[in-house]
file data00.cif (mmCIF, N, CA and C atoms)
data_upload
loop_
_atom_site.group_PDB
_atom_site.id
_atom_site.type_symbol
_atom_site.label_atom_id
_atom_site.label_comp_id
_atom_site.auth_asym_id
_atom_site.auth_seq_id
_atom_site.Cartn_x
_atom_site.Cartn_y
_atom_site.Cartn_z
ATOM 1 N N MET A 1 0.853 -1.154 0.000
ATOM 2 C CA MET A 1 0.000 0.000 0.000
ATOM 3 C C MET A 1 0.902 1.220 0.000
ATOM 4 N N VAL A 2 0.592 2.157 -0.875
ATOM 5 C CA VAL A 2 1.368 3.389 -0.963
ATOM 6 C C VAL A 2 0.453 4.591 -0.783
ATOM 7 N N ASP A 3 1.037 5.689 -0.328
ATOM 8 C CA ASP A 3 0.258 6.913 -0.195
ATOM 9 C C ASP A 3 0.388 7.753 -1.459
ATOM 10 N N GLU A 4 -0.130 8.969 -1.416
ATOM 11 C CA GLU A 4 -0.123 9.831 -2.603
ATOM 12 C C GLU A 4 1.280 10.164 -3.092
ATOM 13 N N THR A 5 2.268 10.103 -2.204
ATOM 14 C CA THR A 5 3.637 10.442 -2.583
ATOM 15 C C THR A 5 4.440 9.214 -3.005
ATOM 16 N N GLY A 6 3.846 8.031 -2.909
ATOM 17 C CA GLY A 6 4.550 6.799 -3.257
ATOM 18 C C GLY A 6 5.224 6.151 -2.072
ATOM 19 N N GLY A 7 5.045 6.728 -0.879
ATOM 20 C CA GLY A 7 5.623 6.140 0.330
ATOM 21 C C GLY A 7 4.886 4.872 0.721
ATOM 22 N N THR A 8 5.624 3.872 1.143
ATOM 23 C CA THR A 8 5.020 2.602 1.527
ATOM 24 C C THR A 8 4.372 2.718 2.902
ATOM 25 N N LEU A 9 3.087 2.385 2.963
ATOM 26 C CA LEU A 9 2.351 2.394 4.223
ATOM 27 C C LEU A 9 2.137 0.984 4.766
ATOM 28 N N TRP A 10 2.058 0.015 3.859
ATOM 29 C CA TRP A 10 1.797 -1.373 4.264
ATOM 30 C C TRP A 10 2.360 -2.279 3.189
ATOM 31 N N SER A 11 3.125 -3.270 3.598
ATOM 32 C CA SER A 11 3.693 -4.203 2.647
ATOM 33 C C SER A 11 3.932 -5.531 3.344
ATOM 34 N N LYS A 12 3.171 -6.537 2.972
ATOM 35 C CA LYS A 12 3.318 -7.867 3.548
ATOM 36 C C LYS A 12 2.977 -8.902 2.493
ATOM 37 N N LYS A 13 3.597 -10.053 2.596
ATOM 38 C CA LYS A 13 3.213 -11.171 1.747
ATOM 39 C C LYS A 13 1.992 -11.819 2.407
ATOM 40 N N VAL A 14 0.951 -12.077 1.606
ATOM 41 C CA VAL A 14 -0.291 -12.637 2.124
ATOM 42 C C VAL A 14 -0.577 -13.938 1.394
ATOM 43 N N ASP A 15 -0.795 -14.998 2.160
ATOM 44 C CA ASP A 15 -1.132 -16.292 1.560
ATOM 45 C C ASP A 15 -2.487 -16.225 0.874
ATOM 46 N N ASN A 16 -2.671 -17.057 -0.136
ATOM 47 C CA ASN A 16 -3.945 -17.141 -0.851
ATOM 48 C C ASN A 16 -4.910 -17.986 -0.017
ATOM 49 N N ASP A 17 -5.356 -17.395 1.080
ATOM 50 C CA ASP A 17 -6.199 -18.053 2.064
ATOM 51 C C ASP A 17 -7.209 -17.027 2.567
ATOM 52 N N GLU A 18 -8.458 -17.418 2.704
ATOM 53 C CA GLU A 18 -9.503 -16.462 3.070
ATOM 54 C C GLU A 18 -9.193 -15.731 4.371
ATOM 55 N N THR A 19 -8.776 -16.443 5.394
ATOM 56 C CA THR A 19 -8.491 -15.822 6.680
ATOM 57 C C THR A 19 -7.350 -14.818 6.570
ATOM 58 N N ALA A 20 -6.289 -15.190 5.868
ATOM 59 C CA ALA A 20 -5.137 -14.301 5.704
ATOM 60 C C ALA A 20 -5.510 -13.061 4.892
ATOM 61 N N ILE A 21 -6.270 -13.247 3.834
ATOM 62 C CA ILE A 21 -6.674 -12.116 2.987
ATOM 63 C C ILE A 21 -7.582 -11.171 3.770
ATOM 64 N N LEU A 22 -8.519 -11.720 4.531
ATOM 65 C CA LEU A 22 -9.418 -10.867 5.313
ATOM 66 C C LEU A 22 -8.667 -10.101 6.396
ATOM 67 N N ALA A 23 -7.679 -10.727 7.012
ATOM 68 C CA ALA A 23 -6.869 -10.027 8.014
ATOM 69 C C ALA A 23 -6.118 -8.871 7.365
ATOM 70 N N ALA A 24 -5.531 -9.110 6.199
ATOM 71 C CA ALA A 24 -4.815 -8.057 5.475
ATOM 72 C C ALA A 24 -5.774 -6.945 5.062
ATOM 73 N N LEU A 25 -6.939 -7.311 4.585
ATOM 74 C CA LEU A 25 -7.947 -6.329 4.181
ATOM 75 C C LEU A 25 -8.299 -5.415 5.351
ATOM 76 N N CYS A 26 -8.508 -5.995 6.527
ATOM 77 C CA CYS A 26 -8.829 -5.193 7.714
ATOM 78 C C CYS A 26 -7.685 -4.253 8.077
ATOM 79 N N GLU A 27 -6.449 -4.760 8.031
ATOM 80 C CA GLU A 27 -5.289 -3.923 8.346
ATOM 81 C C GLU A 27 -5.197 -2.738 7.395
ATOM 82 N N ILE A 28 -5.368 -3.001 6.124
ATOM 83 C CA ILE A 28 -5.254 -1.944 5.113
ATOM 84 C C ILE A 28 -6.378 -0.923 5.270
ATOM 85 N N LEU A 29 -7.604 -1.387 5.440
ATOM 86 C CA LEU A 29 -8.729 -0.461 5.559
ATOM 87 C C LEU A 29 -8.655 0.372 6.832
ATOM 88 N N ASP A 30 -7.997 -0.148 7.873
ATOM 89 C CA ASP A 30 -7.807 0.624 9.102
ATOM 90 C C ASP A 30 -6.818 1.766 8.919
ATOM 91 N N LEU A 31 -5.991 1.703 7.880
ATOM 92 C CA LEU A 31 -4.965 2.717 7.653
ATOM 93 C C LEU A 31 -5.429 3.903 6.810
ATOM 94 N N ALA A 32 -6.566 3.778 6.145
ATOM 95 C CA ALA A 32 -6.928 4.816 5.174
ATOM 96 C C ALA A 32 -8.419 5.097 5.149
ATOM 97 N N ASN A 33 -8.757 6.309 4.749
ATOM 98 C CA ASN A 33 -10.154 6.677 4.539
ATOM 99 C C ASN A 33 -10.688 6.085 3.248
ATOM 100 N N GLU A 34 -9.828 6.003 2.246
ATOM 101 C CA GLU A 34 -10.232 5.548 0.927
ATOM 102 C C GLU A 34 -9.093 4.727 0.328
ATOM 103 N N VAL A 35 -9.429 3.583 -0.243
ATOM 104 C CA VAL A 35 -8.421 2.712 -0.847
ATOM 105 C C VAL A 35 -8.838 2.401 -2.273
ATOM 106 N N HIS A 36 -7.897 2.489 -3.199
ATOM 107 C CA HIS A 36 -8.116 2.117 -4.592
ATOM 108 C C HIS A 36 -7.285 0.867 -4.853
ATOM 109 N N TRP A 37 -7.949 -0.214 -5.230
ATOM 110 C CA TRP A 37 -7.277 -1.499 -5.419
ATOM 111 C C TRP A 37 -6.979 -1.740 -6.894
ATOM 112 N N ALA A 38 -5.770 -2.201 -7.170
ATOM 113 C CA ALA A 38 -5.388 -2.626 -8.510
ATOM 114 C C ALA A 38 -4.710 -3.981 -8.368
ATOM 115 N N VAL A 39 -5.159 -4.957 -9.131
ATOM 116 C CA VAL A 39 -4.623 -6.308 -9.008
ATOM 117 C C VAL A 39 -4.097 -6.815 -10.342
ATOM 118 N N ASP A 40 -3.040 -7.589 -10.274
ATOM 119 C CA ASP A 40 -2.452 -8.215 -11.462
ATOM 120 C C ASP A 40 -2.707 -9.714 -11.379
ATOM 121 N N ILE A 41 -3.953 -10.069 -11.381
ATOM 122 C CA ILE A 41 -4.330 -11.478 -11.340
ATOM 123 C C ILE A 41 -5.546 -11.679 -12.228
ATOM 124 N N SER A 42 -5.620 -12.849 -12.817
ATOM 125 C CA SER A 42 -6.796 -13.198 -13.606
ATOM 126 C C SER A 42 -6.934 -14.708 -13.599
ATOM 127 N N GLY A 43 -8.114 -15.181 -13.884
ATOM 128 C CA GLY A 43 -8.354 -16.616 -13.924
ATOM 129 C C GLY A 43 -8.968 -17.139 -12.643
ATOM 130 N N THR A 44 -9.456 -18.353 -12.700
ATOM 131 C CA THR A 44 -10.168 -18.919 -11.555
ATOM 132 C C THR A 44 -9.247 -19.280 -10.394
ATOM 133 N N ALA A 45 -7.988 -19.603 -10.654
ATOM 134 C CA ALA A 45 -7.077 -19.971 -9.579
ATOM 135 C C ALA A 45 -6.828 -18.815 -8.625
ATOM 136 N N SER A 46 -7.008 -17.601 -9.098
ATOM 137 C CA SER A 46 -6.751 -16.431 -8.272
ATOM 138 C C SER A 46 -8.013 -15.610 -8.018
ATOM 139 N N ALA A 47 -9.156 -16.243 -8.058
ATOM 140 C CA ALA A 47 -10.429 -15.538 -7.915
ATOM 141 C C ALA A 47 -10.773 -15.191 -6.471
ATOM 142 N N LEU A 48 -10.069 -15.760 -5.509
ATOM 143 C CA LEU A 48 -10.407 -15.529 -4.103
ATOM 144 C C LEU A 48 -10.274 -14.062 -3.707
ATOM 145 N N LEU A 49 -9.167 -13.439 -4.039
ATOM 146 C CA LEU A 49 -8.957 -12.038 -3.655
ATOM 147 C C LEU A 49 -10.032 -11.118 -4.232
ATOM 148 N N PRO A 50 -10.281 -11.115 -5.542
ATOM 149 C CA PRO A 50 -11.333 -10.237 -6.065
ATOM 150 C C PRO A 50 -12.711 -10.542 -5.462
ATOM 151 N N ALA A 51 -12.989 -11.806 -5.198
ATOM 152 C CA ALA A 51 -14.282 -12.173 -4.596
ATOM 153 C C ALA A 51 -14.404 -11.607 -3.185
ATOM 154 N N LEU A 52 -13.333 -11.705 -2.405
ATOM 155 C CA LEU A 52 -13.378 -11.179 -1.037
ATOM 156 C C LEU A 52 -13.434 -9.657 -1.024
ATOM 157 N N LEU A 53 -12.709 -9.025 -1.935
ATOM 158 C CA LEU A 53 -12.795 -7.567 -2.022
ATOM 159 C C LEU A 53 -14.222 -7.131 -2.346
ATOM 160 N N ALA A 54 -14.833 -7.778 -3.327
ATOM 161 C CA ALA A 54 -16.206 -7.438 -3.721
ATOM 162 C C ALA A 54 -17.182 -7.698 -2.584
ATOM 163 N N ALA A 55 -17.006 -8.799 -1.879
ATOM 164 C CA ALA A 55 -17.903 -9.146 -0.774
ATOM 165 C C ALA A 55 -17.821 -8.142 0.368
ATOM 166 N N HIS A 56 -16.731 -7.390 0.421
ATOM 167 C CA HIS A 56 -16.558 -6.405 1.482
ATOM 168 C C HIS A 56 -16.634 -4.968 0.959
ATOM 169 N N GLY A 57 -17.340 -4.812 -0.154
ATOM 170 C CA GLY A 57 -17.625 -3.483 -0.678
ATOM 171 C C GLY A 57 -16.443 -2.778 -1.308
ATOM 172 N N GLN A 58 -15.409 -3.517 -1.682
ATOM 173 C CA GLN A 58 -14.225 -2.925 -2.293
ATOM 174 C C GLN A 58 -14.224 -3.231 -3.786
ATOM 175 N N GLN A 59 -13.848 -2.262 -4.569
ATOM 176 C CA GLN A 59 -13.798 -2.439 -6.013
ATOM 177 C C GLN A 59 -12.341 -2.492 -6.457
ATOM 178 N N ALA A 60 -12.016 -3.493 -7.256
ATOM 179 C CA ALA A 60 -10.651 -3.637 -7.755
ATOM 180 C C ALA A 60 -10.655 -3.546 -9.272
ATOM 181 N N VAL A 61 -9.587 -3.016 -9.804
ATOM 182 C CA VAL A 61 -9.414 -2.983 -11.253
ATOM 183 C C VAL A 61 -8.245 -3.883 -11.609
ATOM 184 N N TYR A 62 -8.311 -4.497 -12.782
ATOM 185 C CA TYR A 62 -7.232 -5.341 -13.265
ATOM 186 C C TYR A 62 -6.167 -4.467 -13.909
ATOM 187 N N VAL A 63 -4.924 -4.697 -13.544
ATOM 188 C CA VAL A 63 -3.800 -3.985 -14.128
ATOM 189 C C VAL A 63 -2.826 -5.031 -14.656
ATOM 190 N N PRO A 64 -2.504 -5.006 -15.942
ATOM 191 C CA PRO A 64 -1.584 -6.003 -16.504
ATOM 192 C C PRO A 64 -0.215 -5.967 -15.839
ATOM 193 N N GLY A 65 0.453 -7.106 -15.850
ATOM 194 C CA GLY A 65 1.769 -7.236 -15.223
ATOM 195 C C GLY A 65 2.777 -6.206 -15.683
ATOM 196 N N ARG A 66 2.769 -5.876 -16.964
ATOM 197 C CA ARG A 66 3.701 -4.872 -17.494
ATOM 198 C C ARG A 66 3.491 -3.536 -16.777
ATOM 199 N N THR A 67 2.260 -3.159 -16.581
ATOM 200 C CA THR A 67 1.953 -1.906 -15.892
ATOM 201 C C THR A 67 2.372 -1.980 -14.435
ATOM 202 N N VAL A 68 2.128 -3.125 -13.796
ATOM 203 C CA VAL A 68 2.525 -3.293 -12.395
ATOM 204 C C VAL A 68 4.035 -3.149 -12.254
ATOM 205 N N ASN A 69 4.791 -3.734 -13.185
ATOM 206 C CA ASN A 69 6.246 -3.610 -13.134
ATOM 207 C C ASN A 69 6.676 -2.152 -13.268
ATOM 208 N N ARG A 70 6.022 -1.409 -14.121
ATOM 209 C CA ARG A 70 6.348 0.018 -14.263
ATOM 210 C C ARG A 70 5.950 0.794 -13.021
ATOM 211 N N MET A 71 4.806 0.430 -12.427
ATOM 212 C CA MET A 71 4.388 1.076 -11.177
ATOM 213 C C MET A 71 5.420 0.805 -10.095
ATOM 214 N N ALA A 72 5.917 -0.431 -10.041
ATOM 215 C CA ALA A 72 6.913 -0.796 -9.031
ATOM 216 C C ALA A 72 8.155 0.063 -9.192
ATOM 217 N N GLY A 73 8.577 0.292 -10.429
ATOM 218 C CA GLY A 73 9.728 1.147 -10.669
ATOM 219 C C GLY A 73 9.476 2.587 -10.274
ATOM 220 N N ALA A 74 8.289 3.058 -10.551
ATOM 221 C CA ALA A 74 7.941 4.438 -10.223
ATOM 222 C C ALA A 74 7.905 4.653 -8.713
ATOM 223 N N TYR A 75 7.460 3.651 -7.977
ATOM 224 C CA TYR A 75 7.376 3.766 -6.528
ATOM 225 C C TYR A 75 8.639 3.278 -5.832
ATOM 226 N N ARG A 76 9.610 2.796 -6.611
ATOM 227 C CA ARG A 76 10.905 2.366 -6.097
ATOM 228 C C ARG A 76 10.803 1.347 -4.985
ATOM 229 N N ARG A 77 9.868 0.450 -5.103
ATOM 230 C CA ARG A 77 9.734 -0.645 -4.145
ATOM 231 C C ARG A 77 10.708 -1.743 -4.530
ATOM 232 N N PRO A 78 11.197 -2.495 -3.540
ATOM 233 C CA PRO A 78 12.012 -3.652 -3.887
ATOM 234 C C PRO A 78 11.154 -4.690 -4.600
ATOM 235 N N ARG A 79 11.747 -5.414 -5.520
ATOM 236 C CA ARG A 79 11.005 -6.450 -6.246
ATOM 237 C C ARG A 79 10.520 -7.514 -5.284
ATOM 238 N N SER A 80 9.316 -7.973 -5.520
ATOM 239 C CA SER A 80 8.714 -8.998 -4.689
ATOM 240 C C SER A 80 8.700 -10.313 -5.446
ATOM 241 N N SER A 81 8.784 -11.404 -4.717
ATOM 242 C CA SER A 81 8.682 -12.712 -5.357
ATOM 243 C C SER A 81 7.225 -13.118 -5.519
ATOM 244 N N ASN A 82 6.325 -12.300 -5.013
ATOM 245 C CA ASN A 82 4.897 -12.580 -5.123
ATOM 246 C C ASN A 82 4.479 -12.468 -6.577
ATOM 247 N N ARG A 83 3.853 -13.485 -7.094
ATOM 248 C CA ARG A 83 3.444 -13.471 -8.490
ATOM 249 C C ARG A 83 2.097 -12.804 -8.707
ATOM 250 N N CYS A 84 1.422 -12.427 -7.652
ATOM 251 C CA CYS A 84 0.111 -11.789 -7.761
ATOM 252 C C CYS A 84 0.119 -10.490 -6.972
ATOM 253 N N PRO A 85 0.815 -9.471 -7.457
ATOM 254 C CA PRO A 85 0.893 -8.248 -6.678
ATOM 255 C C PRO A 85 -0.443 -7.518 -6.594
ATOM 256 N N VAL A 86 -0.648 -6.897 -5.494
ATOM 257 C CA VAL A 86 -1.841 -6.077 -5.282
ATOM 258 C C VAL A 86 -1.354 -4.705 -4.860
ATOM 259 N N TRP A 87 -1.866 -3.698 -5.492
ATOM 260 C CA TRP A 87 -1.519 -2.327 -5.141
ATOM 261 C C TRP A 87 -2.741 -1.676 -4.540
ATOM 262 N N ALA A 88 -2.566 -1.043 -3.421
ATOM 263 C CA ALA A 88 -3.641 -0.280 -2.809
ATOM 264 C C ALA A 88 -3.117 1.134 -2.624
ATOM 265 N N ARG A 89 -3.782 2.077 -3.226
ATOM 266 C CA ARG A 89 -3.398 3.478 -3.068
ATOM 267 C C ARG A 89 -4.405 4.092 -2.131
ATOM 268 N N SER A 90 -3.955 4.908 -1.210
ATOM 269 C CA SER A 90 -4.863 5.368 -0.166
ATOM 270 C C SER A 90 -4.848 6.869 0.024
ATOM 271 N N SER A 91 -5.889 7.305 0.708
ATOM 272 C CA SER A 91 -5.941 8.639 1.263
ATOM 273 C C SER A 91 -5.874 8.430 2.766
ATOM 274 N N VAL A 92 -4.784 8.834 3.376
ATOM 275 C CA VAL A 92 -4.553 8.520 4.793
ATOM 276 C C VAL A 92 -5.072 9.618 5.664
ATOM 277 N N GLN A 93 -5.748 9.226 6.739
ATOM 278 C CA GLN A 93 -6.240 10.176 7.717
ATOM 279 C C GLN A 93 -5.189 10.337 8.794
ATOM 280 N N SER A 94 -4.819 11.574 9.065
ATOM 281 C CA SER A 94 -3.813 11.819 10.096
ATOM 282 C C SER A 94 -4.413 11.536 11.451
ATOM 283 N N SER A 95 -3.656 10.864 12.327
ATOM 284 C CA SER A 95 -4.143 10.542 13.657
ATOM 285 C C SER A 95 -3.748 11.597 14.676
ATOM 286 N N SER A 96 -3.092 12.674 14.258
ATOM 287 C CA SER A 96 -2.689 13.711 15.221
ATOM 288 C C SER A 96 -3.685 14.828 15.291
#

call {"tool": "encode", "arguments": {"input": "data00.cif", "output": "structure tokens"}}
result
Amino acid sequence: MVDETGGTLWSKKVDNDETAILAALCEILDLANEVHWAVDISGTASALLPALLAAHGQQAVYVPGRTVNRMAGAYRRPRSSNRCPVWARSSVQSSS
């Protein structure tokens, strides 16, 4: 998860498991007022994440891998071994 400036707010590897995905979803939603989801996954083998996002009122857009790689370069994140990257861009509410 990155903020408007590209700073990393949340970054964890999440197993393709309903409990793990829901825990991550809660953590991310607790950090921001608004989250925009972009996923580089397609097909039935990876349908769990989009289904859980939709079930919890979150809308995700598909972003091709080439675009995700360019986004990664733009945000200067270290390369991940995760083959299904998810980007969440947020509007963060200050707690001070």

call {"tool": "closest_residue", "arguments": {"input": "data00.cif", "among": "A:Ala20, A:Val63, A:Leu9, A:Leu53", "to": "A:Val39", "atoms": "all atoms listed in the file"}}
result
A:Val63

call {"tool": "axis_aligned_box", "arguments": {"input": "data00.cif", "around": "stretch 49-54 of chain A", "padding_each_side": "5 Å", "output": "AutoDock Vina command-line options"}}
result
--center_x -13.1 --center_y -10.3 --center_z -3.5 --size_x 18.2 --size_y 16.3 --size_z 15.0

call {"tool": "closest_residue", "arguments": {"input": "data00.cif", "among": "A:Ala38, A:Gln59, A:Ser46, A:Trp10", "to": "A:Cys26", "atoms": "only C-alpha atoms"}}
result
A:Trp10

call {"tool": "atom_distance", "arguments": {"input": "data00.cif", "atom1": "atom CA of A:Leu48", "atom2": "atom CA of A:Val35"}}
result
18.6 Å

call {"tool": "atom_distance", "arguments": {"input": "data00.cif", "atom1": "atom CA of A:Gly6", "atom2": "atom C of A:Leu31"}}
result
14.5 Å

call {"tool": "closest_residue", "arguments": {"input": "data00.cif", "among": "A:Val2, A:Val14, A:Ala55, A:Ala47", "to": "A:Ala32", "atoms": "only C-alpha atoms"}}
result
A:Val2

call {"tool": "atom_distance", "arguments": {"input": "data00.cif", "atom1": "atom CA of A:Asp30", "atom2": "atom CA of A:Thr8"}}
result
15.0 Å

call {"tool": "closest_residue", "arguments": {"input": "data00.cif", "among": "A:Ala54, A:Thr67, A:Ala60, A:Leu49", "to": "A:Asp17", "atoms": "all atoms listed in the file"}}
result
A:Leu49

call {"tool": "select_by_dssp", "arguments": {"input": "data00.cif", "residues": "stretch 18-54 of chain A", "states": "strand (DSSP E)", "output": "VMD selection string"}}
result
chain A and resid 34 to 39

call {"tool": "write_last_selection", "arguments": {"input": "data00.cif", "atoms": "N, CA and C atoms", "output": "short mmCIF file (atom, residue, chain, number, x, y, z; two decimals), in the frame of the given file"}}
result
data_model
loop_
_atom_site.label_atom_id
_atom_site.label_comp_id
_atom_site.auth_asym_id
_atom_site.auth_seq_id
_atom_site.Cartn_x
_atom_site.Cartn_y
_atom_site.Cartn_z
N GLU A 34 -9.83 6.00 2.25
CA GLU A 34 -10.23 5.55 0.93
C GLU A 34 -9.09 4.73 0.33
N VAL A 35 -9.43 3.58 -0.24
CA VAL A 35 -8.42 2.71 -0.85
C VAL A 35 -8.84 2.40 -2.27
N HIS A 36 -7.90 2.49 -3.20
CA HIS A 36 -8.12 2.12 -4.59
C HIS A 36 -7.28 0.87 -4.85
N TRP A 37 -7.95 -0.21 -5.23
CA TRP A 37 -7.28 -1.50 -5.42
C TRP A 37 -6.98 -1.74 -6.89
N ALA A 38 -5.77 -2.20 -7.17
CA ALA A 38 -5.39 -2.63 -8.51
C ALA A 38 -4.71 -3.98 -8.37
N VAL A 39 -5.16 -4.96 -9.13
CA VAL A 39 -4.62 -6.31 -9.01
C VAL A 39 -4.10 -6.82 -10.34
#

call {"tool": "decode", "arguments": {"input": "data00.cif", "residues": "stretch 52-63 of chain A", "atoms": "N, CA, C and O atoms", "output": "CSV table (one decimal), in the first residue's frame"}}
result
chain,number,residue,atom,x,y,z
A,52,LEU,N,-13.3,-11.7,-2.4
A,52,LEU,CA,-13.4,-11.2,-1.0
A,52,LEU,C,-13.4,-9.7,-1.0
A,52,LEU,O,-14.1,-9.1,-0.2
A,53,LEU,N,-12.7,-9.0,-1.9
A,53,LEU,CA,-12.8,-7.6,-2.0
A,53,LEU,C,-14.2,-7.1,-2.3
A,53,LEU,O,-14.8,-6.2,-1.7
A,54,ALA,N,-14.8,-7.8,-3.3
A,54,ALA,CA,-16.2,-7.4,-3.7
A,54,ALA,C,-17.2,-7.7,-2.6
A,54,ALA,O,-18.1,-6.9,-2.3
A,55,ALA,N,-17.0,-8.8,-1.9
A,55,ALA,CA,-17.9,-9.1,-0.8
A,55,ALA,C,-17.8,-8.1,0.4
A,55,ALA,O,-18.8,-8.0,1.2
A,56,HIS,N,-16.7,-7.4,0.4
A,56,HIS,CA,-16.6,-6.4,1.5
A,56,HIS,C,-16.6,-5.0,1.0
A,56,HIS,O,-16.1,-4.0,1.5
A,57,GLY,N,-17.3,-4.8,-0.2
A,57,GLY,CA,-17.6,-3.5,-0.7
A,57,GLY,C,-16.4,-2.8,-1.3
A,57,GLY,O,-16.5,-1.6,-1.5
A,58,GLN,N,-15.4,-3.5,-1.7
A,58,GLN,CA,-14.2,-2.9,-2.3
A,58,GLN,C,-14.2,-3.2,-3.8
A,58,GLN,O,-14.6,-4.3,-4.2
A,59,GLN,N,-13.8,-2.3,-4.6
A,59,GLN,CA,-13.8,-2.4,-6.0
A,59,GLN,C,-12.3,-2.5,-6.5
A,59,GLN,O,-11.5,-1.7,-6.1
A,60,ALA,N,-12.0,-3.5,-7.3
A,60,ALA,CA,-10.7,-3.6,-7.8
A,60,ALA,C,-10.7,-3.5,-9.3
A,60,ALA,O,-11.6,-3.9,-9.9
A,61,VAL,N,-9.6,-3.0,-9.8
A,61,VAL,CA,-9.4,-3.0,-11.3
A,61,VAL,C,-8.2,-3.9,-11.6
A,61,VAL,O,-7.3,-4.0,-10.8
A,62,TYR,N,-8.3,-4.5,-12.8
A,62,TYR,CA,-7.2,-5.3,-13.3
A,62,TYR,C,-6.2,-4.5,-13.9
A,62,TYR,O,-6.5,-3.6,-14.7
A,63,VAL,N,-4.9,-4.7,-13.5
A,63,VAL,CA,-3.8,-4.0,-14.1
A,63,VAL,C,-2.8,-5.0,-14.7
A,63,VAL,O,-2.4,-5.9,-13.9
